[in-house]
$ cat input-v8.cif   # mmCIF, C-alpha atoms
data_model
#
loop_
_atom_site.label_atom_id
_atom_site.label_comp_id
_atom_site.auth_asym_id
_atom_site.auth_seq_id
_atom_site.Cartn_x
_atom_site.Cartn_y
_atom_site.Cartn_z
CA MET A 1 47.89 8.61 -47.39
CA SER A 2 50.28 11.26 -48.70
CA THR A 3 53.79 10.29 -47.58
CA ASP A 4 55.27 13.58 -48.76
CA ARG A 5 52.70 15.62 -46.86
CA LEU A 6 53.22 13.58 -43.71
CA SER A 7 56.99 13.93 -43.95
CA GLY A 8 56.71 17.68 -44.47
CA LEU A 9 54.41 18.18 -41.48
CA LEU A 10 56.60 16.05 -39.21
CA ASP A 11 59.64 18.09 -40.28
CA GLU A 12 57.69 21.26 -39.47
CA TYR A 13 56.79 19.83 -36.05
CA ALA A 14 60.44 19.11 -35.30
CA GLU A 15 61.47 22.63 -36.36
CA LEU A 16 58.76 24.22 -34.20
CA GLU A 17 59.86 22.09 -31.25
CA LYS A 18 63.40 23.46 -31.63
CA ARG A 19 62.12 27.04 -31.83
CA LEU A 20 60.05 26.67 -28.68
CA ALA A 21 63.04 25.24 -26.83
CA ASP A 22 65.02 28.40 -27.60
CA PRO A 23 64.52 30.91 -24.73
CA ALA A 24 64.97 33.80 -27.17
CA ILE A 25 61.56 33.20 -28.77
CA HIS A 26 59.79 34.09 -25.55
CA ALA A 27 61.07 37.65 -25.74
CA ASP A 28 58.28 38.21 -28.27
CA GLN A 29 55.07 36.85 -26.76
CA ASN A 30 53.07 37.23 -29.98
CA THR A 31 55.57 35.14 -31.92
CA ALA A 32 55.83 32.59 -29.11
CA ARG A 33 52.05 32.20 -28.98
CA ARG A 34 51.75 31.87 -32.77
CA VAL A 35 54.47 29.21 -32.90
CA GLY A 36 52.98 27.48 -29.86
CA ARG A 37 49.56 27.32 -31.51
CA ARG A 38 50.95 25.75 -34.67
CA PHE A 39 52.99 23.27 -32.59
CA ALA A 40 49.85 22.33 -30.64
CA ALA A 41 47.93 21.86 -33.88
CA LEU A 42 50.55 19.42 -35.20
CA THR A 43 50.96 17.49 -31.93
CA PRO A 44 48.03 15.06 -32.54
CA LEU A 45 49.48 14.27 -35.99
CA HIS A 46 52.95 13.65 -34.53
CA LYS A 47 51.48 11.39 -31.86
CA ALA A 48 49.34 9.41 -34.34
CA ALA A 49 52.28 8.95 -36.72
CA GLY A 50 54.44 7.73 -33.83
CA GLU A 51 51.80 5.25 -32.67
CA LEU A 52 51.38 3.86 -36.18
CA GLU A 53 55.14 3.54 -36.69
CA GLN A 54 55.49 1.75 -33.35
CA ALA A 55 52.61 -0.60 -34.12
CA ARG A 56 54.14 -1.54 -37.48
CA ALA A 57 57.49 -2.20 -35.82
CA ASP A 58 55.81 -4.33 -33.14
CA LEU A 59 53.96 -6.29 -35.83
CA GLU A 60 57.16 -6.99 -37.73
CA ALA A 61 58.87 -8.16 -34.53
CA ALA A 62 55.91 -10.36 -33.54
CA ARG A 63 55.85 -12.02 -36.96
CA GLU A 64 59.57 -12.73 -36.79
CA LEU A 65 59.11 -14.33 -33.38
CA ALA A 66 56.06 -16.25 -34.61
CA ALA A 67 58.21 -17.86 -37.28
CA GLU A 68 60.21 -19.46 -34.48
CA ASP A 69 57.50 -19.78 -31.82
CA PRO A 70 53.87 -20.17 -33.00
CA SER A 71 52.59 -18.79 -29.70
CA PHE A 72 53.50 -15.28 -30.92
CA ALA A 73 51.06 -15.60 -33.85
CA VAL A 74 48.14 -14.54 -31.65
CA GLU A 75 50.00 -11.39 -30.59
CA ALA A 76 50.83 -10.61 -34.22
CA GLU A 77 47.17 -10.95 -35.21
CA ALA A 78 46.10 -8.62 -32.36
CA ILE A 79 48.57 -5.96 -33.46
CA ALA A 80 47.56 -6.32 -37.11
CA ALA A 81 43.92 -5.80 -36.14
CA LYS A 82 44.77 -2.41 -34.64
CA LEU A 83 46.54 -1.06 -37.72
CA PRO A 84 43.48 -0.05 -39.83
CA ALA A 85 42.13 2.21 -37.06
CA LEU A 86 45.55 3.82 -36.57
CA GLU A 87 45.94 4.35 -40.33
CA GLU A 88 42.45 5.86 -40.57
CA ARG A 89 43.16 8.22 -37.69
CA LEU A 90 46.40 9.42 -39.30
CA ALA A 91 44.75 9.82 -42.71
CA GLU A 92 42.03 11.96 -41.12
CA LEU A 93 44.61 14.17 -39.42
CA LEU A 94 46.35 14.65 -42.76
CA ILE A 95 43.25 16.21 -44.31
CA PRO A 96 43.96 19.96 -44.55
CA ARG A 97 42.24 21.67 -41.62
CA ASP A 98 40.93 25.18 -41.28
CA PRO A 99 44.06 27.36 -40.89
CA HIS A 100 42.23 29.58 -38.38
CA ASP A 101 41.18 26.78 -35.99
CA ALA A 102 43.66 27.82 -33.30
CA LYS A 103 42.65 31.47 -33.36
CA ASP A 104 40.57 33.53 -30.99
CA VAL A 105 37.50 35.27 -32.41
CA ILE A 106 35.69 38.56 -32.55
CA LEU A 107 31.98 37.85 -32.51
CA GLU A 108 29.49 40.51 -33.63
CA ILE A 109 25.76 40.37 -32.94
CA LYS A 110 23.37 42.78 -34.60
CA ALA A 111 19.65 43.15 -33.93
CA GLY A 112 17.52 42.91 -37.07
CA GLU A 113 13.84 42.65 -37.88
CA GLY A 114 11.60 42.73 -34.85
CA GLY A 115 12.49 46.05 -33.25
CA GLU A 116 12.98 45.97 -29.48
CA GLU A 117 12.24 42.23 -29.34
CA SER A 118 15.11 41.59 -31.77
CA ALA A 119 17.44 43.63 -29.55
CA LEU A 120 16.36 41.57 -26.52
CA PHE A 121 17.05 38.36 -28.46
CA ALA A 122 20.47 39.71 -29.51
CA GLY A 123 21.17 40.20 -25.81
CA ASP A 124 20.11 36.60 -25.13
CA LEU A 125 22.54 35.38 -27.80
CA LEU A 126 25.33 37.45 -26.29
CA ARG A 127 24.75 35.90 -22.87
CA MET A 128 24.58 32.41 -24.44
CA PHE A 129 28.02 32.82 -25.98
CA GLN A 130 29.44 34.37 -22.81
CA ARG A 131 28.15 31.45 -20.72
CA TYR A 132 29.54 28.93 -23.20
CA ALA A 133 32.92 30.68 -23.05
CA GLU A 134 32.83 30.58 -19.25
CA ARG A 135 32.18 26.83 -19.30
CA HIS A 136 35.35 26.35 -21.38
CA GLY A 137 37.52 28.68 -19.35
CA TRP A 138 37.72 31.24 -22.14
CA VAL A 139 37.93 34.98 -21.60
CA THR A 140 35.32 37.36 -23.04
CA GLU A 141 35.77 41.08 -23.57
CA VAL A 142 33.04 43.39 -24.85
CA ILE A 143 34.80 45.70 -27.31
CA GLU A 144 31.85 47.81 -28.42
CA ALA A 145 28.13 47.74 -27.57
CA GLN A 146 25.02 49.75 -28.28
CA ASP A 147 22.34 48.91 -25.73
CA SER A 148 18.60 49.13 -26.33
CA ASP A 149 16.08 50.86 -24.08
CA LEU A 150 14.71 47.61 -22.58
CA GLY A 151 18.05 46.01 -21.75
CA GLY A 152 18.83 44.31 -25.04
CA VAL A 153 21.63 45.12 -27.48
CA LYS A 154 21.31 46.75 -30.89
CA ASP A 155 24.87 45.97 -31.88
CA VAL A 156 27.74 44.37 -29.94
CA SER A 157 31.27 43.19 -30.66
CA VAL A 158 32.87 40.80 -28.19
CA ALA A 159 36.32 39.19 -28.24
CA ILE A 160 36.49 35.57 -27.04
CA LYS A 161 39.92 34.17 -26.22
CA THR A 162 41.52 31.01 -24.92
CA LYS A 163 43.91 31.18 -21.99
CA GLY A 164 47.34 30.23 -23.27
CA VAL A 165 47.84 27.84 -26.20
CA PRO A 166 44.72 25.82 -27.13
CA GLU A 167 45.13 22.07 -26.80
CA GLY A 168 45.50 20.30 -30.12
CA GLY A 169 45.26 23.63 -31.92
CA ASN A 170 41.52 23.75 -31.23
CA GLY A 171 40.93 27.39 -30.36
CA VAL A 172 37.71 29.38 -30.09
CA TRP A 173 37.33 29.60 -33.89
CA SER A 174 37.29 25.80 -34.19
CA ARG A 175 34.13 25.72 -32.05
CA LEU A 176 32.28 28.92 -32.94
CA LYS A 177 33.05 29.35 -36.64
CA TRP A 178 29.65 27.94 -37.68
CA GLU A 179 27.69 30.45 -35.60
CA GLY A 180 27.84 33.14 -38.29
CA GLY A 181 24.49 33.78 -39.95
CA VAL A 182 20.93 34.74 -39.08
CA HIS A 183 19.44 33.35 -35.87
CA ARG A 184 15.64 33.39 -35.72
CA VAL A 185 13.56 33.40 -32.54
CA GLN A 186 9.89 32.47 -32.08
CA ARG A 187 8.37 33.51 -28.75
CA VAL A 188 5.94 35.84 -27.02
CA PRO A 189 7.79 39.15 -26.61
CA VAL A 190 7.73 40.98 -23.29
CA THR A 191 6.22 43.87 -25.22
CA GLU A 192 3.27 41.71 -26.41
CA SER A 193 0.17 42.27 -24.32
CA GLN A 194 -2.07 39.65 -25.99
CA GLY A 195 0.23 36.63 -25.74
CA ARG A 196 0.85 36.24 -29.47
CA ILE A 197 4.00 34.50 -30.71
CA HIS A 198 6.25 36.75 -32.77
CA THR A 199 9.18 35.93 -35.01
CA SER A 200 12.25 38.15 -35.09
CA ALA A 201 15.91 37.72 -35.94
CA ALA A 202 19.43 38.74 -35.04
CA GLY A 203 22.56 38.45 -37.16
CA VAL A 204 25.82 36.93 -35.93
CA LEU A 205 29.20 37.39 -37.58
CA VAL A 206 32.20 35.40 -36.35
CA LEU A 207 35.66 36.58 -37.33
CA PRO A 208 39.02 34.97 -36.51
CA GLU A 209 40.94 37.62 -34.59
CA ALA A 210 43.83 38.79 -36.71
CA GLU A 211 47.27 39.63 -35.41
CA GLU A 212 49.29 42.42 -36.95
CA VAL A 213 51.39 39.90 -38.88
CA ASP A 214 48.24 38.45 -40.46
CA VAL A 215 47.09 41.69 -42.07
CA SER A 216 49.18 44.54 -43.44
CA ILE A 217 47.43 47.90 -43.16
CA ASP A 218 48.89 51.01 -44.77
CA PRO A 219 48.23 54.01 -42.48
CA ASN A 220 47.66 56.08 -45.62
CA ASP A 221 44.64 53.88 -46.39
CA LEU A 222 42.89 54.94 -43.18
CA ARG A 223 40.63 57.89 -42.46
CA ILE A 224 40.29 58.37 -38.73
CA ASP A 225 37.53 60.58 -37.33
CA VAL A 226 36.91 61.37 -33.69
CA PHE A 227 33.59 62.36 -32.16
CA ARG A 228 31.86 62.62 -28.82
CA SER A 229 30.59 59.39 -27.29
CA SER A 230 26.88 59.14 -26.66
CA GLY A 231 24.61 56.66 -24.95
CA PRO A 232 20.97 55.62 -25.40
CA GLY A 233 18.72 58.54 -26.19
CA GLY A 234 21.63 60.67 -27.34
CA GLN A 235 22.74 61.54 -23.83
CA SER A 236 26.37 62.58 -23.59
CA VAL A 237 28.61 59.98 -22.01
CA ASN A 238 31.56 62.32 -21.69
CA THR A 239 32.57 65.79 -22.77
CA THR A 240 35.64 64.87 -24.83
CA ASP A 241 35.98 63.61 -28.38
CA SER A 242 37.07 60.11 -27.35
CA ALA A 243 35.00 58.01 -29.76
CA VAL A 244 36.81 56.86 -32.91
CA ARG A 245 35.60 55.96 -36.39
CA ILE A 246 38.09 54.32 -38.76
CA THR A 247 37.38 54.00 -42.47
CA HIS A 248 39.53 51.67 -44.57
CA LEU A 249 39.45 53.54 -47.86
CA PRO A 250 40.33 50.69 -50.29
CA THR A 251 37.52 48.44 -49.02
CA GLY A 252 35.08 50.96 -47.53
CA ILE A 253 34.99 49.03 -44.24
CA VAL A 254 33.98 51.34 -41.37
CA VAL A 255 34.54 50.54 -37.69
CA SER A 256 33.47 52.73 -34.77
CA CYS A 257 34.33 52.36 -31.08
CA GLN A 258 33.25 54.49 -28.15
CA ASN A 259 33.15 52.15 -25.16
CA GLU A 260 36.53 53.11 -23.75
CA LYS A 261 37.20 56.40 -22.00
CA SER A 262 40.26 57.38 -24.01
CA GLN A 263 40.62 58.04 -27.70
CA LEU A 264 43.76 55.86 -27.84
CA GLN A 265 41.95 52.84 -26.34
CA ASN A 266 39.01 53.24 -28.72
CA ARG A 267 41.39 53.45 -31.65
CA GLU A 268 43.17 50.25 -30.58
CA GLN A 269 39.85 48.42 -30.23
CA ALA A 270 38.65 49.66 -33.61
CA MET A 271 41.88 48.47 -35.22
CA ARG A 272 41.36 44.99 -33.74
CA ILE A 273 37.95 44.76 -35.38
CA LEU A 274 39.25 46.20 -38.64
CA ARG A 275 42.09 43.67 -38.83
CA ALA A 276 39.65 40.82 -38.21
CA ARG A 277 37.29 42.05 -40.94
CA LEU A 278 40.10 42.53 -43.44
CA LEU A 279 41.44 39.03 -42.70
CA ALA A 280 37.95 37.58 -43.21
CA ALA A 281 37.52 39.52 -46.45
CA ALA A 282 40.89 38.32 -47.77
CA GLN A 283 40.03 34.72 -46.86
CA GLU A 284 36.63 35.02 -48.48
CA GLU A 285 38.19 36.35 -51.68
CA ALA A 286 40.75 33.54 -51.73
CA ASP A 287 38.07 30.92 -51.14
CA ALA A 288 35.89 32.35 -53.89
CA ALA A 289 38.80 32.17 -56.31
CA ALA A 290 39.52 28.55 -55.33
CA SER A 291 35.95 27.28 -55.29
CA ASP A 292 32.57 28.73 -56.18
CA ALA A 293 30.97 26.14 -53.91
CA ARG A 294 32.02 27.82 -50.67
CA ARG A 295 29.74 30.57 -49.43
CA SER A 296 30.43 33.39 -46.99
CA GLN A 297 28.53 34.06 -43.79
CA VAL A 298 25.20 35.87 -44.08
CA ARG A 299 25.65 39.54 -43.41
CA THR A 300 22.04 40.65 -43.78
CA VAL A 301 19.61 40.21 -40.95
CA ASP A 302 16.80 38.79 -43.06
CA ARG A 303 14.58 36.16 -41.46
CA SER A 304 14.47 34.20 -44.73
CA GLU A 305 18.27 33.62 -44.54
CA ARG A 306 18.18 31.84 -41.21
CA ILE A 307 20.66 29.20 -40.11
CA ARG A 308 18.94 28.37 -36.82
CA THR A 309 15.58 28.75 -35.10
CA TYR A 310 15.02 29.13 -31.35
CA ASN A 311 11.42 28.17 -30.56
CA TYR A 312 10.56 29.07 -26.97
CA PRO A 313 7.02 27.55 -26.74
CA GLN A 314 8.40 24.11 -27.70
CA ASN A 315 11.79 24.59 -25.97
CA ARG A 316 13.19 23.60 -29.36
CA ILE A 317 16.37 24.55 -31.20
CA THR A 318 16.83 23.66 -34.86
CA ASP A 319 19.91 24.11 -37.03
CA HIS A 320 18.64 24.16 -40.61
CA ARG A 321 21.99 23.43 -42.28
CA ILE A 322 22.37 19.91 -40.87
CA GLY A 323 18.79 19.11 -39.85
CA TYR A 324 19.68 19.12 -36.16
CA THR A 325 16.77 19.45 -33.70
CA ALA A 326 16.81 19.20 -29.90
CA TYR A 327 14.33 20.12 -27.19
CA ASN A 328 16.78 21.65 -24.75
CA LEU A 329 16.65 25.31 -25.74
CA ASP A 330 16.78 26.42 -22.11
CA LEU A 331 20.05 24.55 -21.58
CA VAL A 332 21.60 25.85 -24.81
CA LEU A 333 20.78 29.44 -23.87
CA ALA A 334 22.44 28.74 -20.50
CA GLY A 335 25.66 27.93 -22.36
CA ASP A 336 25.30 24.17 -22.83
CA MET A 337 26.04 24.31 -26.57
CA ASP A 338 28.39 21.34 -26.94
CA GLY A 339 25.76 18.92 -28.27
CA LEU A 340 24.84 21.34 -31.04
CA LEU A 341 28.43 22.29 -31.84
CA ASP A 342 29.56 18.64 -31.80
CA ALA A 343 26.89 17.85 -34.41
CA LEU A 344 28.16 20.70 -36.60
CA ALA A 345 31.77 19.56 -36.13
CA GLU A 346 30.88 15.99 -37.10
CA ALA A 347 29.04 17.20 -40.20
CA ASP A 348 32.14 19.22 -41.12
CA ARG A 349 34.36 16.17 -40.56
CA GLN A 350 32.20 14.04 -42.82
CA ALA A 351 32.20 16.77 -45.48
CA ARG A 352 36.00 16.95 -45.41
CA LEU A 353 36.33 13.16 -45.56
CA ALA A 354 34.04 13.22 -48.59
CA GLY A 355 36.39 15.71 -50.26
CA ASP A 356 34.45 18.93 -49.69
CA THR A 357 36.41 21.95 -48.42
CA GLU A 358 34.28 22.14 -45.29
CA LEU A 359 30.75 22.24 -43.99
CA LYS A 360 29.00 25.22 -45.53
CA ARG A 361 28.60 27.71 -42.74
CA THR A 362 25.39 29.07 -44.35
#

$ encode --input "input-v8.cif" --output "structure tokens"
Amino acid sequence: MSTDRLSGLLDEYAELEKRLADPAIHADQNTARRVGRRFAALTPLHKAAGELEQARADLEAARELAAEDPSFAVEAEAIAAKLPALEERLAELLIPRDPHDAKDVILEIKAGEGGEESALFAGDLLRMFQRYAERHGWVTEVIEAQDSDLGGVKDVSVAIKTKGVPEGGNGVWSRLKWEGGVHRVQRVPVTESQGRIHTSAAGVLVLPEAEEVDVSIDPNDLRIDVFRSSGPGGQSVNTTDSAVRITHLPTGIVVSCQNEKSQLQNREQAMRILRARLLAAAQEEADAAASDARRSQVRTVDRSERIRTYNYPQNRITDHRIGYTAYNLDLVLAGDMDGLLDALAEADRQARLAGDTELKRT
């Protein structure tokens, strides 16, 4: 157990506690929320360290009393038996965690191979995530969506947020960060007249939502174009140039938004997505420099690069990264994803305990 690291984190906890007690911090809600998230993330560590310190003090006192009265020896042994579990818990909390765990996310789903059936499956994935968010009391907001003719989605970006400060620093990212990659579906499409099972895929990209302080964007690096919004089939949605396309010239990242009625609102939404993508790109670059072992999320919707398969005939869901299989696909699609996500979280925990950076997300 690193004493220096523990001491440093406990000092940080104490400093954050002082900042949150100062009414002045609440004049800036963004700063207050950021400090509150970090404080919440360190709270379990502070509690575990306090429990271990108290147990050690109790053990020392019990042993001193046992020297005078043997009846206290039993109590001393009981306290001593608890110490290894407390020490293990604290050591686990000291393992560096994902710095984005407390963040909200922007989740993008893109239809891939499979035509209209893929778009329908992308819509099913969107509803799955929305239902899961609802179960946890999170808020979802569709930022941008391109619907398909049969009610699916070709491309959608949705923000998923916690209400207030997430307990223990476990925000939306801590639960959904492994969902990025290619999701494959096997089922009889509604467009199939002969009952044959088809395979198609949709791509999911999960980005921690970046705040302005997380990413610095030079306005001179942006090219902003406006155009007229349009819906399915090219029909005009409105008669003003309210849609916005932002190009980040240094990276070539392009973001378009047309869901909102005003140009200003579309620009703000596009900037949210751009900040999230730039933060993810910066993190990916830093990770690549630190370790060649870590891989980024799959960004191509190729069925061969799947992370998970949804098999409707067998009501089966399989996550190929950890060998997880369950026959409750209907429940998972209804938002009951905790069994699957708990398995991924446990695999990540074991990987970190073994010294790996984290569970490979692809």

$ resolve_selection --input "input-v8.cif" --expression "the PyMOL selection byres ((chain A and resi 149) around 10)" --output "list in words"
Glu116, Ala119, Leu120, Gln146, Asp147, Ser148, Leu150, Gly151, Gly152, Val153, Lys154, Pro232 and Gly233 of chain A

$ resolve_selection --input "input-v8.cif" --expression "the PyMOL selection byres ((chain A and resi 269) around 9)" --output "ChimeraX atom specification"
/A:143-144,256-257,260,264-268,270-274

$ residues_around --input "input-v8.cif" --residues "A:Val142" --least-positions-apart "2" --cutoff "9 Å" --atoms "all atoms listed in the file" --output "MDAnalysis selection string"
chainID A and resid 140 144:145 156:160 259

$ atom_distance --input "input-v8.cif" --atom1 "atom CA of A:Leu10" --atom2 "atom CA of A:Leu52"
13.6 Å

$ closest_residue --input "input-v8.cif" --among "A:Tyr327, A:Phe39, A:Tyr132, A:Tyr13" --to "A:Asn311" --atoms "only C-alpha atoms"
A:Tyr327

$ closest_residue --input "input-v8.cif" --among "A:Arg175, A:His26, A:Arg97, A:Arg135" --to "A:Ala345" --atoms "all atoms listed in the file"
A:Arg175

$ residues_near_point --input "input-v8.cif" --point "(11.5, 41.9, -36.3)" --cutoff "9 Å" --atoms "all atoms listed in the file" --output "list in words"
Ala111, Gly112, Glu113, Gly114, Gly115, Glu116, Glu117, Ser118, His198, Thr199, Ser200, Ala201, Ala202 and Arg303 of chain A

$ build_atoms --input "input-v8.cif" --residues "stretch 342-352 of chain A" --atoms "all heavy atoms" --output "PDB file, in the coordinates of the input"
ATOM      1  N   ASP A 342      28.985  19.947 -31.426  1.00  0.00           N
ATOM      2  CA  ASP A 342      29.560  18.640 -31.800  1.00  0.00           C
ATOM      3  C   ASP A 342      28.910  18.105 -33.074  1.00  0.00           C
ATOM      4  O   ASP A 342      29.582  17.505 -33.918  1.00  0.00           O
ATOM      5  CB  ASP A 342      29.375  17.634 -30.665  1.00  0.00           C
ATOM      6  CG  ASP A 342      30.305  17.884 -29.486  1.00  0.00           C
ATOM      7  OD1 ASP A 342      31.272  18.656 -29.638  1.00  0.00           O
ATOM      8  OD2 ASP A 342      30.043  17.310 -28.400  1.00  0.00           O
ATOM      9  N   ALA A 343      27.596  18.309 -33.205  1.00  0.00           N
ATOM     10  CA  ALA A 343      26.890  17.850 -34.410  1.00  0.00           C
ATOM     11  C   ALA A 343      27.396  18.597 -35.641  1.00  0.00           C
ATOM     12  O   ALA A 343      27.586  18.008 -36.710  1.00  0.00           O
ATOM     13  CB  ALA A 343      25.382  18.052 -34.242  1.00  0.00           C
ATOM     14  N   LEU A 344      27.631  19.900 -35.492  1.00  0.00           N
ATOM     15  CA  LEU A 344      28.160  20.700 -36.600  1.00  0.00           C
ATOM     16  C   LEU A 344      29.583  20.270 -36.938  1.00  0.00           C
ATOM     17  O   LEU A 344      29.958  20.175 -38.112  1.00  0.00           O
ATOM     18  CB  LEU A 344      28.114  22.184 -36.246  1.00  0.00           C
ATOM     19  CG  LEU A 344      26.714  22.809 -36.275  1.00  0.00           C
ATOM     20  CD1 LEU A 344      26.694  24.115 -35.479  1.00  0.00           C
ATOM     21  CD2 LEU A 344      26.261  23.060 -37.704  1.00  0.00           C
ATOM     22  N   ALA A 345      30.388  19.998 -35.898  1.00  0.00           N
ATOM     23  CA  ALA A 345      31.770  19.560 -36.130  1.00  0.00           C
ATOM     24  C   ALA A 345      31.812  18.213 -36.838  1.00  0.00           C
ATOM     25  O   ALA A 345      32.638  17.990 -37.728  1.00  0.00           O
ATOM     26  CB  ALA A 345      32.525  19.495 -34.803  1.00  0.00           C
ATOM     27  N   GLU A 346      30.917  17.305 -36.461  1.00  0.00           N
ATOM     28  CA  GLU A 346      30.880  15.990 -37.100  1.00  0.00           C
ATOM     29  C   GLU A 346      30.438  16.109 -38.559  1.00  0.00           C
ATOM     30  O   GLU A 346      30.976  15.418 -39.441  1.00  0.00           O
ATOM     31  CB  GLU A 346      29.933  15.065 -36.342  1.00  0.00           C
ATOM     32  CG  GLU A 346      29.755  13.678 -36.961  1.00  0.00           C
ATOM     33  CD  GLU A 346      31.047  12.895 -37.110  1.00  0.00           C
ATOM     34  OE1 GLU A 346      32.031  13.197 -36.396  1.00  0.00           O
ATOM     35  OE2 GLU A 346      31.075  11.972 -37.944  1.00  0.00           O
ATOM     36  N   ALA A 347      29.469  16.985 -38.817  1.00  0.00           N
ATOM     37  CA  ALA A 347      29.040  17.200 -40.200  1.00  0.00           C
ATOM     38  C   ALA A 347      30.193  17.768 -41.028  1.00  0.00           C
ATOM     39  O   ALA A 347      30.387  17.401 -42.192  1.00  0.00           O
ATOM     40  CB  ALA A 347      27.843  18.155 -40.234  1.00  0.00           C
ATOM     41  N   ASP A 348      30.977  18.652 -40.429  1.00  0.00           N
ATOM     42  CA  ASP A 348      32.140  19.220 -41.120  1.00  0.00           C
ATOM     43  C   ASP A 348      33.181  18.127 -41.382  1.00  0.00           C
ATOM     44  O   ASP A 348      33.765  18.054 -42.467  1.00  0.00           O
ATOM     45  CB  ASP A 348      32.740  20.330 -40.259  1.00  0.00           C
ATOM     46  CG  ASP A 348      34.026  20.878 -40.847  1.00  0.00           C
ATOM     47  OD1 ASP A 348      33.966  21.507 -41.914  1.00  0.00           O
ATOM     48  OD2 ASP A 348      35.101  20.667 -40.246  1.00  0.00           O
ATOM     49  N   ARG A 349      33.402  17.258 -40.391  1.00  0.00           N
ATOM     50  CA  ARG A 349      34.360  16.170 -40.560  1.00  0.00           C
ATOM     51  C   ARG A 349      33.964  15.244 -41.695  1.00  0.00           C
ATOM     52  O   ARG A 349      34.791  14.865 -42.530  1.00  0.00           O
ATOM     53  CB  ARG A 349      34.479  15.369 -39.255  1.00  0.00           C
ATOM     54  CG  ARG A 349      35.604  14.343 -39.242  1.00  0.00           C
ATOM     55  CD  ARG A 349      35.605  13.550 -37.943  1.00  0.00           C
ATOM     56  NE  ARG A 349      34.547  12.555 -37.920  1.00  0.00           N
ATOM     57  CZ  ARG A 349      34.673  11.323 -38.430  1.00  0.00           C
ATOM     58  NH1 ARG A 349      35.814  10.948 -38.981  1.00  0.00           N
ATOM     59  NH2 ARG A 349      33.681  10.467 -38.380  1.00  0.00           N
ATOM     60  N   GLN A 350      32.682  14.901 -41.747  1.00  0.00           N
ATOM     61  CA  GLN A 350      32.200  14.040 -42.820  1.00  0.00           C
ATOM     62  C   GLN A 350      32.333  14.702 -44.180  1.00  0.00           C
ATOM     63  O   GLN A 350      32.659  14.045 -45.174  1.00  0.00           O
ATOM     64  CB  GLN A 350      30.726  13.665 -42.552  1.00  0.00           C
ATOM     65  CG  GLN A 350      30.519  12.784 -41.324  1.00  0.00           C
ATOM     66  CD  GLN A 350      31.178  11.428 -41.447  1.00  0.00           C
ATOM     67  OE1 GLN A 350      31.428  10.927 -42.542  1.00  0.00           O
ATOM     68  NE2 GLN A 350      31.476  10.807 -40.307  1.00  0.00           N
ATOM     69  N   ALA A 351      32.079  16.031 -44.216  1.00  0.00           N
ATOM     70  CA  ALA A 351      32.200  16.770 -45.480  1.00  0.00           C
ATOM     71  C   ALA A 351      33.650  16.761 -45.955  1.00  0.00           C
ATOM     72  O   ALA A 351      33.933  16.571 -47.147  1.00  0.00           O
ATOM     73  CB  ALA A 351      31.697  18.195 -45.307  1.00  0.00           C
ATOM     74  N   ARG A 352      34.590  16.942 -45.022  1.00  0.00           N
ATOM     75  CA  ARG A 352      36.000  16.950 -45.410  1.00  0.00           C
ATOM     76  C   ARG A 352      36.462  15.559 -45.839  1.00  0.00           C
ATOM     77  O   ARG A 352      37.248  15.425 -46.777  1.00  0.00           O
ATOM     78  CB  ARG A 352      36.856  17.472 -44.245  1.00  0.00           C
ATOM     79  CG  ARG A 352      36.695  18.963 -44.010  1.00  0.00           C
ATOM     80  CD  ARG A 352      37.676  19.517 -42.977  1.00  0.00           C
ATOM     81  NE  ARG A 352      37.425  18.973 -41.648  1.00  0.00           N
ATOM     82  CZ  ARG A 352      38.259  18.174 -41.007  1.00  0.00           C
ATOM     83  NH1 ARG A 352      39.389  17.798 -41.577  1.00  0.00           N
ATOM     84  NH2 ARG A 352      37.975  17.723 -39.791  1.00  0.00           N
TER      85      ARG A 352
END
